[in-house]
Amino acid sequence: MRVDLTVNGETYALDVEPRMSLLDCLRERLLLTGAHAGCEHGVCGACTVLLDGAPVRSCLMFAVQADGYDITTIEGLAPGPGELSPIQDAFCETHGMQCGYCTPAMVLTAHALLADNPAPTRAQIVDAVSANLCRCTGYAQIVEAIALAADRMRGLNWPERGW
Amino acid sequence: MKPAPFEYARPSDLAEACAMLAAGDDARIIAGGQSLVPLMAMRLARPKRLIDIARLGELSFVRQEHACVAIGAATRQCVLEREALVRTAVPLLAKVMPFIGHAAIRSRGTIGGSLANADPAAEIVLVAVTLGATLVYRDGTSSAEMAASDFFVGPMMTALPATACLTAVRFPVWRDARIGVGFHEVSARRSDFALAAAAAQVALDDNGICRRLALGVGGVAARPLRLDAVARALAGTRAEEAAVREVVRAALAEIKPLSDLHASADYRRRAAAHLSVRAITDAYHAAAGADAG
């Protein structure tokens, strides 16, 4: 079945089986392997991508359902090759990760949170990242990273969607 | 964790969707897919054909209809979360929205999907039962409706005909000036399915007497239960905690709770009693704090 997907600003015409998840399509067809396959039934959050800026589980969506949306994966966040978005930078600086498996989804979840709420409380950050399972860090440095990124982004005059 | 093969169809309107459903062939409606896709991934569901109604504009709305608020079945939960009419007219629904999955689930999940899935622990199902909502559906070319108390039959089971598509749900609006709501649930982790949940809505008169009250418990039995005996016993009182505790215990003594690996029947009954008392107390205080008029 034919589907046109817009991912990180590029449009791709693909022929997929209806049962192929958006996650598998991103990973196997577009080779965007930053979205990770964890539980594959919507619980762990490792496959989170942004659909028109909102976080979604790409394992709970079929690729054939995803035409017409603006899809953002972790590969689309950095402003240029070798650069990092302010959120990615903050995750590095506070070491908001260990094994890294949940990290792309954590960063995207944080991205959606801060786009919606530039000054979240600690409780709001905790609520947002509770959607993504991390079995290494205990979350403390992830929460710290998002608070740091929020603080920096509030103080910067970034162009709209410029990172 | 890969679904079995299926055909995918995206009808351009409800009439076409219903015609496809009526044609049979083991077709299922998909909207947000947040409950159906996990079942398909685990191959607990193997529909031959998916009929996608997620983009049907005619099924996505929130509007006042006489003494009710009507919500289109394909309205996404993240839209309801921010909808002013839901907050003011159906405050109990607004109250439970943040407890439904996570933001990433609510950005795709729909109100109709949750109702049709009929999970006994689902918050939207609990609110529909507690407030006595009406479910509206289309079967072929004819429309029909059903009370929530008749619609939910058991765990993941509804009275919706196999060829029908849920189109809307109507929540009654309480017109009283002083209304308060309360909701509490316990789950193993944040946003996991509730082991027990309680939702309450209270309307007070100017003297702080309950004009009416609705209490429902979810996750406890095979479907959410509205405890009308509690509502009757507390109407005309100030819902003092000791009295609430007593009538809630008596009402819950009558029910047969679920028992599984996660929680025993006894635990569910006790948790439901505590959560009910807290929900009613919160609702009472919220109503007492609400401006008369």
# chains A, B, ... in the order shown; residues from 1 in each chain; ligands from 1
>>> interface_residues(of="chain B", to="chain A", cutoff="12 Å", atoms="only C-alpha atoms", output="PyMOL selection string")
chain B and resi 1-10+30-43+46-55+78-79+98-109+189-193
>>> residues_around(residues="Leu114 in chain A", least_positions_apart="2", cutoff="10 Å", atoms="only C-alpha atoms", output="MDAnalysis selection string")
chainID A and resid 87 108:112 116:120 125 146:147 149:150 153:154
>>> atom_distance(atom1="CA of Leu213 in chain B", atom2="CA of Asp282 in chain B")
12.4 Å
>>> residues_around(residues="range 81-84 of chain B", least_positions_apart="5", cutoff="10 Å", atoms="only C-alpha atoms", output="ChimeraX atom specification")
/B:62,76,89-91,93-98,106-107
>>> residues_around(residues="Leu21 in chain B", least_positions_apart="5", cutoff="8 Å", atoms="only C-alpha atoms", output="PyMOL selection string")
chain B and resi 27-29+51+140+163-165
>>> write_last_selection(atoms="C-alpha atoms", output="PDB file, in the first residue's frame")
ATOM      1  CA  ALA B  27     -13.715  -5.806  10.019  1.00  0.00           C
ATOM      2  CA  ARG B  28     -12.919  -3.617  13.001  1.00  0.00           C
ATOM      3  CA  ILE B  29     -13.068   0.122  13.486  1.00  0.00           C
ATOM      4  CA  ILE B  51     -11.654   0.751   8.958  1.00  0.00           C
ATOM      5  CA  GLY B 140     -25.896   0.386   8.778  1.00  0.00           C
ATOM      6  CA  THR B 163     -21.764  -4.090  12.679  1.00  0.00           C
ATOM      7  CA  ALA B 164     -22.220  -0.781  14.541  1.00  0.00           C
ATOM      8  CA  CYS B 165     -19.910   2.201  14.895  1.00  0.00           C
TER       9      CYS B 165
END
>>> closest_residue(among="B:Ala121, B:Ala263, B:Ala19, B:Leu234", to="Ala197 in chain B", atoms="only C-alpha atoms")
B:Ala121
>>> select_by_dssp(residues="chain A", states="alpha helix (DSSP H)", output="NGL selection string")
:A and (22-24 or 86-93 or 103-116 or 122-129 or 140-154)
>>> write_last_selection(atoms="C-alpha atoms", output="short mmCIF file (atom, residue, chain, number, x, y, z; two decimals), in the first residue's frame")
data_model
loop_
_atom_site.label_atom_id
_atom_site.label_comp_id
_atom_site.auth_asym_id
_atom_site.auth_seq_id
_atom_site.Cartn_x
_atom_site.Cartn_y
_atom_site.Cartn_z
CA LEU A 22 5.34 3.60 11.84
CA LEU A 23 8.25 2.55 14.08
CA ASP A 24 9.34 -0.31 11.81
CA PRO A 86 19.61 22.73 23.59
CA ILE A 87 17.75 19.76 25.08
CA GLN A 88 20.27 17.24 23.73
CA ASP A 89 23.05 19.46 25.00
CA ALA A 90 21.51 19.59 28.48
CA PHE A 91 21.17 15.77 28.53
CA CYS A 92 24.91 15.52 27.77
CA GLU A 93 25.86 18.11 30.33
CA THR A 103 17.28 8.66 25.50
CA PRO A 104 15.99 9.66 22.03
CA ALA A 105 12.42 9.24 23.23
CA MET A 106 13.18 11.11 26.48
CA VAL A 107 14.60 14.03 24.46
CA LEU A 108 11.56 14.11 22.15
CA THR A 109 9.18 13.91 25.11
CA ALA A 110 11.05 16.82 26.70
CA HIS A 111 10.91 18.70 23.40
CA ALA A 112 7.11 18.38 23.26
CA LEU A 113 6.79 19.36 26.92
CA LEU A 114 8.91 22.50 26.59
CA ALA A 115 7.25 23.57 23.33
CA ASP A 116 3.95 23.49 25.18
CA ARG A 122 9.45 19.65 38.63
CA ALA A 123 6.16 17.74 39.02
CA GLN A 124 5.23 18.49 35.40
CA ILE A 125 8.62 17.27 34.18
CA VAL A 126 8.26 14.09 36.25
CA ASP A 127 4.77 13.55 34.89
CA ALA A 128 6.01 13.94 31.30
CA VAL A 129 8.96 11.55 31.61
CA ALA A 140 17.11 12.21 38.59
CA GLN A 141 19.54 13.48 35.96
CA ILE A 142 16.94 13.28 33.22
CA VAL A 143 14.69 15.62 35.21
CA GLU A 144 17.72 17.81 35.87
CA ALA A 145 18.54 17.91 32.15
CA ILE A 146 15.04 19.03 31.19
CA ALA A 147 14.98 21.72 33.88
CA LEU A 148 18.37 22.97 32.68
CA ALA A 149 17.24 22.98 29.04
CA ALA A 150 14.05 24.83 29.97
CA ASP A 151 16.04 27.41 31.86
CA ARG A 152 18.43 27.97 28.96
CA MET A 153 15.74 28.04 26.29
CA ARG A 154 13.76 30.65 28.21
#
